[in-house]
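> Below is one structure. I have some questions about it.
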Amino acid sequence: MRISDKSSHEPPGSARITKCFVIALVLGNLVSLMTSIESRAMVPMRDAADLPFRRAPMAESSRSIVIPLAADLHLAFDVHLLRTHTVWRGASLNLFGPPFTGTKSPFVCTFDGISQWTMPLLNPWLGSGPRSLDSAVYVRSADFRGVSSKGGKVSLFYDLMLESGETVRVAESPSSVLIKDSLAVVRRLEIGPSRNGLWYLVHAEMGRAGVADKDGVAPVILRNDDAVVAAVRGMAGLKWKAQEGDVAYDVELIAEKKGESIVEQRRVEGYETRLYLWIPAHDIAVSVDIASALAKSPETVAEQMAKWQMGAALPADLIRAFDRSTATDNRNARSIGGDRSGPNRVHGDEFFKIEHFPLPEEIQLLVTGMDWLPDGNLAVCTWSGEIYIVENPAGPVVEATYRRFARGLNEAFGLRVINGQVYVIQKAELTRVTDTDRDGEADLFETINDNWGYTGNYHAFAFGPVLDKSKNLFVFLTGQRGRWDVPYVGWALRMNLDGSNAEGFSSGLRAPNGFGTYGPEDDLFVADNQGNWIGACKLNHLQAGRFYGFPSGTPAPESEYKSPAQFSPPAVWFPRKLSPSTSGFVTIDDERFGPFMGQMLVGDFQNAVVMRVFLEKVDGEWQGAVWPFARGFYSGVNRLEMGSDGKLYAGGLKNRAWAASAPKDASLDRVSFTGKTPFEVKEVRAAADGFELIFTEPADRETAGNVENYFVSQYTYEYHQAYGSPEMDHEGNPNSATEIEVLQASVSDDGLRVRLVLNGSKAGFVSAVQLLDIESANGEPIWHDTFYYTLNRIPK
């Protein structure tokens, strides 16, 4: 066998290797060589020994599910090709990336240990005969449906789509068994009714085929230094077929270079054996157990495998994972209280109070998604892939408890409760998470949709989901660090509630960390983050077919990816000094939260603040103004939810990869209105000749009517590939704004409105309006003296 590297960069320490057994090494032990040099020095995180499974990107598949079969035996499954791509002996998966190591790179997960066997880029299921040996071909002919961990048994569910048009449900459950002195991997296949026979590729290894036992029932692949021995038990009519010969094909491995995702193409040459199992047609669900073991002396192990083969396979039970008939409401999951050792401080101001939930020391509640359950508890997902239930969140903050509901997810970055069920977005898929046996912890993880490209990159976040009034689901995919050839990078995807009929809705998204709907028509909005091509953070009203600025992957035209020319303007630009890292938003839907009913609250991660946004429609398009609102949160504000108690709940996080001007790594805070109304500009409405300001309290007529107490300027941002943009005046001068003349300030009889008449305002610019010495009729100063209105259109 000969392996040569055809990619544009050589991994550290790589070399040409000619041993026949090296295909396993390349696809297993040398995975660490495909990451940056930093990964060698980085101390990875590893999961607890009792974790049922972990979803994570590996070199062989960005959509890997790693299942521990024993303390030192692990299996990695490729969700898209339905193959066990790697089995290794050693420690559990090395987890890299910000939630685990605090750094953005490396992000491809590796393992320390010895690869037992691997599988090339082949879908192992075939309806017709075995394919030729001359290639390893990506053929996705199945839909992955989810994972069950019910009763401590991990099962992988998927549907095969055969050439005949028939769909066959399969549940694959890996485990281990000690045979002689060898720890064998057992793959249990429960296969639904099939009118056609099926071929299943059990192994593809460099080496020659053989038979080790005297009865000829245990096939063997003889490698250089050992052998892979297989055995099967189950339904009648099962038979083996070995296909062997010289091969020459390419394999693609996920890798990274200076923070970018790349594909390393490697040439595989040598003598290969592919071992297939024939499964006859059957009218009822059947079960097949396949055991695979390594041996230095295959004859001895084969004899024991043959004895194992005489045992009976348990009958198929495909509905077990979905069965709720045995649910008992017997909650075994443990709830833990928060750490009360510190002081119970309260922040905020005289208008809005901020309380801080004391979080348990045992968990890292790096909040990336929140929503309310029907029982009034709060479901929270975290960056490191857990879901917690915060119990009694509306009570005193020190009395709330925290129950782990799920774990092992791949960087969940959004959560929504729909019809009482928890939907969570992972980097690689949208998932419905269910506790079928009602023991307090989820055991069913159903794949709703994963029809987008995923490179495994640190930046390849998926956000959402959002449900609109037409019952469409939306997910939002980061464009940053993407490639045009990766499907739907930088897109908003729309799909049915069951995940079907997914399609690109709009494109041009860089890092849409805020998402939701707003207004009487449930219009779709995202808050995107500044960077390359995005001059400043902004609030986009997403509409079908529109482009919002960041070069996006296919099906967008490649020409637009290389050189985009224009984009749909946002409803609101956020000044960098207010919001360098915009995050989640929510609509104020309760009058108990003060005088801003119906307006939007928007978080900022880096500044650890919440802002307020007023929106109006002009000529059918949203635009509006932004103000500061609240500060004093314990971590970087990331997610916001209004509670049924009329209070705002803010979930936060930070670590070394994302800086935030807040003291703690994680937080859950609660904001309530004190009952004292601030003197503030409540609304701003554009007019043909200026603005109308509407106050929360009557203004002092003398100070509010003095044009000298207003300072107005305009600026915009440059659309270019460089990171961010300075503020640009009317003439395009950087770090500058054009002063706008204030001609008149007319105060209404009740003092609640001021009409500003301006000279020189232009559409397409942000208007910064500063109120200098204006007071309320009672002598109270203005709460925030400046707002920023994005004037996309001037009313006629």
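Residue names in the structure tokens use chain letters A, B, ... in the order shown, residue numbers from 1 in each chain, and ligand numbers from 1 in the order shown.
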Determine, counting only C-alpha atoms, which protein, DNA and RNA residues have an atom within 8 Å of an atom of range 654-662 of chain A; residues of the same chain fewer than 3 positions away are not included. Present the result as a PyMOL selection string.
chain A and resi 98-99+102-104+366+605-608+632-636+665-666
> Counting only C-alpha atoms, what is within 12 Å of Phe322 in chain A, bar same-chain residues fewer than 2 positions away, as a ChimeraX atom specification?
/A:145-150,155,157,171,317-320,324-327,433-437,442-446
> Report the distance between CA of Leu95 in chain A and CA of Met45 in chain A in Å, rounded to one decimal place.
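CA of Leu95 in chain A sits 5.1 Å away from CA of Met45 in chain A.
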> List every residue of range 94-304 of chain A that DSSP, applied to the backbone of this structure, assigns to alpha helix (DSSP H), and report them as a list in words.
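Matching residues, listed in order: Pro98, Pro99, Phe100, Thr101, Pro298, Glu299, Thr300, Val301, Ala302, Glu303 and Gln304 of chain A.
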> Could the residues in this selection be saved with N, CA, C and O atoms as a PDB file, in the first residue's frame?

```
ATOM      1  N   PRO A  98     -13.384  26.320  21.718  1.00  0.00           N
ATOM      2  CA  PRO A  98     -13.556  27.256  22.842  1.00  0.00           C
ATOM      3  C   PRO A  98     -14.256  26.700  24.071  1.00  0.00           C
ATOM      4  O   PRO A  98     -13.804  26.960  25.189  1.00  0.00           O
ATOM      5  N   PRO A  99     -15.350  25.927  23.956  1.00  0.00           N
ATOM      6  CA  PRO A  99     -15.986  25.482  25.198  1.00  0.00           C
ATOM      7  C   PRO A  99     -15.172  24.465  25.972  1.00  0.00           C
ATOM      8  O   PRO A  99     -15.452  24.205  27.146  1.00  0.00           O
ATOM      9  N   PHE A 100     -14.147  23.893  25.336  1.00  0.00           N
ATOM     10  CA  PHE A 100     -13.365  22.841  25.977  1.00  0.00           C
ATOM     11  C   PHE A 100     -11.946  23.286  26.312  1.00  0.00           C
ATOM     12  O   PHE A 100     -11.406  22.918  27.356  1.00  0.00           O
ATOM     13  N   THR A 101     -11.324  24.047  25.415  1.00  0.00           N
ATOM     14  CA  THR A 101      -9.936  24.472  25.632  1.00  0.00           C
ATOM     15  C   THR A 101      -9.797  25.981  25.744  1.00  0.00           C
ATOM     16  O   THR A 101      -8.715  26.471  26.064  1.00  0.00           O
ATOM     17  N   PRO A 298      -5.268 -15.481  14.610  1.00  0.00           N
ATOM     18  CA  PRO A 298      -6.689 -15.486  14.257  1.00  0.00           C
ATOM     19  C   PRO A 298      -7.375 -16.828  14.447  1.00  0.00           C
ATOM     20  O   PRO A 298      -8.578 -16.874  14.694  1.00  0.00           O
ATOM     21  N   GLU A 299      -6.637 -17.936  14.386  1.00  0.00           N
ATOM     22  CA  GLU A 299      -7.280 -19.235  14.504  1.00  0.00           C
ATOM     23  C   GLU A 299      -7.917 -19.412  15.884  1.00  0.00           C
ATOM     24  O   GLU A 299      -9.050 -19.889  16.019  1.00  0.00           O
ATOM     25  N   THR A 300      -7.199 -19.013  16.935  1.00  0.00           N
ATOM     26  CA  THR A 300      -7.717 -19.179  18.294  1.00  0.00           C
ATOM     27  C   THR A 300      -8.950 -18.321  18.522  1.00  0.00           C
ATOM     28  O   THR A 300      -9.967 -18.767  19.047  1.00  0.00           O
ATOM     29  N   VAL A 301      -8.866 -17.062  18.088  1.00  0.00           N
ATOM     30  CA  VAL A 301     -10.004 -16.156  18.262  1.00  0.00           C
ATOM     31  C   VAL A 301     -11.171 -16.607  17.414  1.00  0.00           C
ATOM     32  O   VAL A 301     -12.333 -16.563  17.838  1.00  0.00           O
ATOM     33  N   ALA A 302     -10.894 -17.088  16.210  1.00  0.00           N
ATOM     34  CA  ALA A 302     -11.963 -17.508  15.315  1.00  0.00           C
ATOM     35  C   ALA A 302     -12.771 -18.647  15.917  1.00  0.00           C
ATOM     36  O   ALA A 302     -13.997 -18.721  15.743  1.00  0.00           O
ATOM     37  N   GLU A 303     -12.109 -19.553  16.608  1.00  0.00           N
ATOM     38  CA  GLU A 303     -12.848 -20.644  17.230  1.00  0.00           C
ATOM     39  C   GLU A 303     -13.830 -20.117  18.268  1.00  0.00           C
ATOM     40  O   GLU A 303     -14.964 -20.570  18.372  1.00  0.00           O
ATOM     41  N   GLN A 304     -13.378 -19.148  19.046  1.00  0.00           N
ATOM     42  CA  GLN A 304     -14.266 -18.552  20.043  1.00  0.00           C
ATOM     43  C   GLN A 304     -15.376 -17.731  19.380  1.00  0.00           C
ATOM     44  O   GLN A 304     -16.512 -17.712  19.855  1.00  0.00           O
TER      45      GLN A 304
END
```
> Counting only C-alpha atoms, what is within 10 Å of Ser62 in chain A, bar same-chain residues fewer than 5 positions away, as a list in words?
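My reading of the contact set: Arg55, Ala56, Pro57, Asp78, Val79, His80, Val108, Cys109, Leu253, Ile254, Ala255, Lys427, Ala428, Gly453, Tyr454, Thr455, Gly456 and Asn457 of chain A.
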> Give me, as a VMD selection string, all polymer residues having an atom no more than 10 Å from Pro193 in chain A, counting only C-alpha atoms and skipping those fewer than 2 positions away in the same chain.
chain A and resid 166 to 170 190 to 191 195 to 196 281 to 286
> Export all heavy atoms of the chosen residues as a tab-separated table (two decimals), in the first residue's frame?

```tsv
chain	number	residue	atom	x	y	z
A	166	GLU	N	-37.93	1.67	-2.17
A	166	GLU	CA	-38.33	1.21	-0.84
A	166	GLU	C	-37.50	1.90	0.23
A	166	GLU	O	-36.31	2.17	0.06
A	166	GLU	CB	-38.14	-0.31	-0.76
A	166	GLU	CG	-38.60	-0.92	0.55
A	166	GLU	CD	-38.36	-2.42	0.58
A	166	GLU	OE1	-37.65	-2.94	-0.32
A	166	GLU	OE2	-38.87	-3.09	1.50
A	167	THR	N	-38.13	2.20	1.36
A	167	THR	CA	-37.44	2.75	2.52
A	167	THR	C	-37.42	1.71	3.63
A	167	THR	O	-38.46	1.12	3.96
A	167	THR	CB	-38.13	4.02	3.03
A	167	THR	OG1	-38.09	5.02	2.01
A	167	THR	CG2	-37.44	4.57	4.27
A	168	VAL	N	-36.25	1.47	4.18
A	168	VAL	CA	-36.08	0.45	5.22
A	168	VAL	C	-35.48	1.11	6.45
A	168	VAL	O	-34.42	1.74	6.38
A	168	VAL	CB	-35.17	-0.70	4.74
A	168	VAL	CG1	-34.97	-1.73	5.85
A	168	VAL	CG2	-35.76	-1.36	3.49
A	169	ARG	N	-36.15	0.98	7.59
A	169	ARG	CA	-35.65	1.52	8.85
A	169	ARG	C	-34.64	0.56	9.47
A	169	ARG	O	-34.85	-0.65	9.50
A	169	ARG	CB	-36.82	1.75	9.81
A	169	ARG	CG	-36.45	2.11	11.25
A	169	ARG	CD	-35.67	3.42	11.38
A	169	ARG	NE	-36.34	4.57	10.86
A	169	ARG	CZ	-37.17	5.37	11.54
A	169	ARG	NH1	-37.44	5.10	12.81
A	169	ARG	NH2	-37.69	6.43	10.98
A	170	VAL	N	-33.52	1.13	9.97
A	170	VAL	CA	-32.47	0.35	10.62
A	170	VAL	C	-32.14	1.00	11.96
A	170	VAL	O	-32.07	2.24	12.06
A	170	VAL	CB	-31.19	0.28	9.75
A	170	VAL	CG1	-30.08	-0.46	10.49
A	170	VAL	CG2	-31.49	-0.40	8.42
A	190	GLU	N	-30.85	-3.96	13.73
A	190	GLU	CA	-32.27	-4.29	13.70
A	190	GLU	C	-32.83	-3.66	12.43
A	190	GLU	O	-32.79	-2.44	12.27
A	190	GLU	CB	-32.97	-3.76	14.94
A	190	GLU	CG	-32.42	-4.34	16.24
A	190	GLU	CD	-33.05	-3.71	17.46
A	190	GLU	OE1	-34.29	-3.70	17.54
A	190	GLU	OE2	-32.31	-3.21	18.32
A	191	ILE	N	-33.34	-4.48	11.54
A	191	ILE	CA	-33.68	-4.05	10.18
A	191	ILE	C	-35.17	-4.27	9.95
A	191	ILE	O	-35.69	-5.38	10.13
A	191	ILE	CB	-32.86	-4.84	9.14
A	191	ILE	CG1	-31.37	-4.79	9.49
A	191	ILE	CG2	-33.10	-4.29	7.74
A	191	ILE	CD1	-30.53	-5.82	8.76
A	195	ARG	N	-38.40	-5.82	1.06
A	195	ARG	CA	-38.77	-6.72	-0.03
A	195	ARG	C	-37.54	-7.20	-0.80
A	195	ARG	O	-37.62	-8.15	-1.59
A	195	ARG	CB	-39.72	-6.01	-1.01
A	195	ARG	CG	-41.05	-5.62	-0.38
A	195	ARG	CD	-42.02	-5.13	-1.46
A	195	ARG	NE	-41.47	-4.03	-2.22
A	195	ARG	CZ	-41.64	-2.75	-1.89
A	195	ARG	NH1	-42.32	-2.43	-0.79
A	195	ARG	NH2	-41.12	-1.79	-2.64
A	196	ASN	N	-36.43	-6.51	-0.61
A	196	ASN	CA	-35.21	-6.83	-1.32
A	196	ASN	C	-34.11	-7.23	-0.34
A	196	ASN	O	-34.08	-6.78	0.81
A	196	ASN	CB	-34.73	-5.62	-2.13
A	196	ASN	CG	-35.76	-5.16	-3.14
A	196	ASN	OD1	-35.91	-5.74	-4.19
A	196	ASN	ND2	-36.50	-4.10	-2.80
A	281	ALA	N	-34.03	-10.89	1.86
A	281	ALA	CA	-35.30	-10.17	2.00
A	281	ALA	C	-36.09	-10.78	3.16
A	281	ALA	O	-35.97	-11.97	3.47
A	281	ALA	CB	-36.09	-10.27	0.70
A	282	HIS	N	-36.93	-9.95	3.80
A	282	HIS	CA	-37.69	-10.43	4.96
A	282	HIS	C	-38.96	-9.59	5.11
A	282	HIS	O	-38.98	-8.40	4.84
A	282	HIS	CB	-36.84	-10.35	6.24
A	282	HIS	CG	-36.09	-9.07	6.38
A	282	HIS	ND1	-34.87	-8.84	5.77
A	282	HIS	CD2	-36.38	-7.94	7.06
A	282	HIS	CE1	-34.44	-7.62	6.06
A	282	HIS	NE2	-35.34	-7.04	6.83
A	283	ASP	N	-40.01	-10.23	5.56
A	283	ASP	CA	-41.32	-9.58	5.68
A	283	ASP	C	-41.54	-8.92	7.03
A	283	ASP	O	-42.44	-8.10	7.19
A	283	ASP	CB	-42.44	-10.61	5.45
A	283	ASP	CG	-42.42	-11.16	4.03
A	283	ASP	OD1	-42.00	-10.42	3.12
A	283	ASP	OD2	-42.80	-12.34	3.85
A	284	ILE	N	-40.76	-9.30	8.02
A	284	ILE	CA	-40.87	-8.72	9.35
A	284	ILE	C	-39.51	-8.17	9.76
A	284	ILE	O	-38.49	-8.49	9.15
A	284	ILE	CB	-41.36	-9.75	10.38
A	284	ILE	CG1	-40.35	-10.90	10.48
A	284	ILE	CG2	-42.75	-10.27	10.04
A	284	ILE	CD1	-40.65	-11.87	11.61
A	285	ALA	N	-39.50	-7.37	10.79
A	285	ALA	CA	-38.23	-6.84	11.29
A	285	ALA	C	-37.35	-7.98	11.79
A	285	ALA	O	-37.83	-8.92	12.43
A	285	ALA	CB	-38.48	-5.84	12.40
A	286	VAL	N	-36.06	-7.91	11.47
A	286	VAL	CA	-35.11	-8.94	11.87
A	286	VAL	C	-33.94	-8.29	12.60
A	286	VAL	O	-33.72	-7.08	12.52
A	286	VAL	CB	-34.60	-9.74	10.65
A	286	VAL	CG1	-35.74	-10.44	9.95
A	286	VAL	CG2	-33.85	-8.81	9.69
```
> Which residue, A:Leu409, A:Gly395, A:Gly311, A:Arg208, has the smallest gap to Ile65 in chain A when you use only C-alpha atoms?
A:Leu409
> Quick one: residues within 6 Å of range 624-630 of chain A, only C-alpha atoms, excluding same-chain residues fewer than 5 positions away - as a list in words?
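The neighbour list is Val572, Val609, Val610, Met611, Arg612, Val613, Phe614, Leu615, Glu616, Phe787, Tyr788, Tyr789 and Thr790 of chain A.
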> If you run DSSP over the backbone, which residues in range 49-130 of chain A end up strand (DSSP E or B)? Put them as a PyMOL selection string.
chain A and resi 54-56+58+64-70+73-78+83-90+94-95+109-110+113-118+125-126
> Quick one: pull the distance between CA of Lys682 in chain A and CA of Gln770 in chain A, Å, one decimal.
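Result for CA of Lys682 in chain A versus CA of Gln770 in chain A: 14.3 Å, one decimal.
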> Hey, what's within 7 Å of range 378-383 of chain A if we count only C-alpha atoms and toss same-chain stuff fewer than 6 positions away? As a list in words, please?
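Everything that qualifies: Pro99, Leu365, Leu366, Val367, Thr368, Gly369, Met370, Asp371, Trp372, Ile389, Val390, Glu391, Pro393, Glu411, Ala412, Phe413, Gly414 and Leu415 of chain A.
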> Quick one: which range 431-460 of chain A residues come within 12 Å of range 499-507 of chain A, and what is the nearest atom pair for each with the distance in Å to one decimal, counting only C-alpha atoms, rows ordered by chain and ascending number, as JSON lines?

```
{"residue": "A:Thr431", "atom": "CA", "partner": "A:Gly499", "partner_atom": "CA", "distance": 9.7}
{"residue": "A:Arg432", "atom": "CA", "partner": "A:Gly499", "partner_atom": "CA", "distance": 10.4}
{"residue": "A:Glu446", "atom": "CA", "partner": "A:Gly499", "partner_atom": "CA", "distance": 10.7}
{"residue": "A:Thr447", "atom": "CA", "partner": "A:Gly499", "partner_atom": "CA", "distance": 8.5}
{"residue": "A:Ile448", "atom": "CA", "partner": "A:Gly499", "partner_atom": "CA", "distance": 4.8}
{"residue": "A:Asn449", "atom": "CA", "partner": "A:Gly499", "partner_atom": "CA", "distance": 5.1}
{"residue": "A:Asp450", "atom": "CA", "partner": "A:Gly499", "partner_atom": "CA", "distance": 8.7}
{"residue": "A:Asn451", "atom": "CA", "partner": "A:Ala502", "partner_atom": "CA", "distance": 7.5}
{"residue": "A:Trp452", "atom": "CA", "partner": "A:Ala502", "partner_atom": "CA", "distance": 9.5}
```
> Once you count only C-alpha atoms, what closest atom pair and distance in Å to one decimal does each residue of range 727-768 of chain A within 10 Å of range 575-580 of chain A have, with rows by chain and rising residue number, as CSV?

```
residue,atom,partner,partner_atom,distance
A:Glu727,CA,A:Pro575,CA,8.9
A:Val766,CA,A:Pro575,CA,9.2
A:Ala768,CA,A:Pro575,CA,9.6
```
> Output the selection as a PDB file, in the first residue's frame - N, CA, C and O atoms for each residue.

```pdb
ATOM      1  N   GLU A 727     -16.787  54.941  10.900  1.00  0.00           N
ATOM      2  CA  GLU A 727     -17.949  55.735  10.541  1.00  0.00           C
ATOM      3  C   GLU A 727     -17.544  56.734   9.461  1.00  0.00           C
ATOM      4  O   GLU A 727     -16.504  57.377   9.555  1.00  0.00           O
ATOM      5  N   VAL A 766     -27.036  56.667   9.260  1.00  0.00           N
ATOM      6  CA  VAL A 766     -27.462  56.623  10.648  1.00  0.00           C
ATOM      7  C   VAL A 766     -27.474  58.045  11.191  1.00  0.00           C
ATOM      8  O   VAL A 766     -26.491  58.780  11.040  1.00  0.00           O
ATOM      9  N   ALA A 768     -27.359  60.194  14.436  1.00  0.00           N
ATOM     10  CA  ALA A 768     -27.074  60.212  15.866  1.00  0.00           C
ATOM     11  C   ALA A 768     -27.674  61.484  16.439  1.00  0.00           C
ATOM     12  O   ALA A 768     -27.325  62.595  16.007  1.00  0.00           O
TER      13      ALA A 768
END
```
> In terms of the shortest atom-to-atom distance over only C-alpha atoms, which of A:Asn759, A:Phe711, A:Val671, A:Thr696 is closest to His347 in chain A?
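Of all the options, A:Val671 lies closest to His347 in chain A.
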> Between A:Phe474, A:Leu668, A:Pro555, A:Ala777, single out the one closest to Pro358 in chain A, counting only C-alpha atoms.
A:Leu668
> Measuring atom to atom with only C-alpha atoms, identify which of A:Gly192, A:Gly760, A:Gly779, A:Gly508 is nearest to Trp533 in chain A.
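Selected residue with least distance to Trp533 in chain A: A:Gly508.
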> Would you please work out which residue, of A:Tyr723, A:Phe405, A:Trp240, A:Phe593, is nearest to Ser672 in chain A when using only C-alpha atoms?
A:Phe593
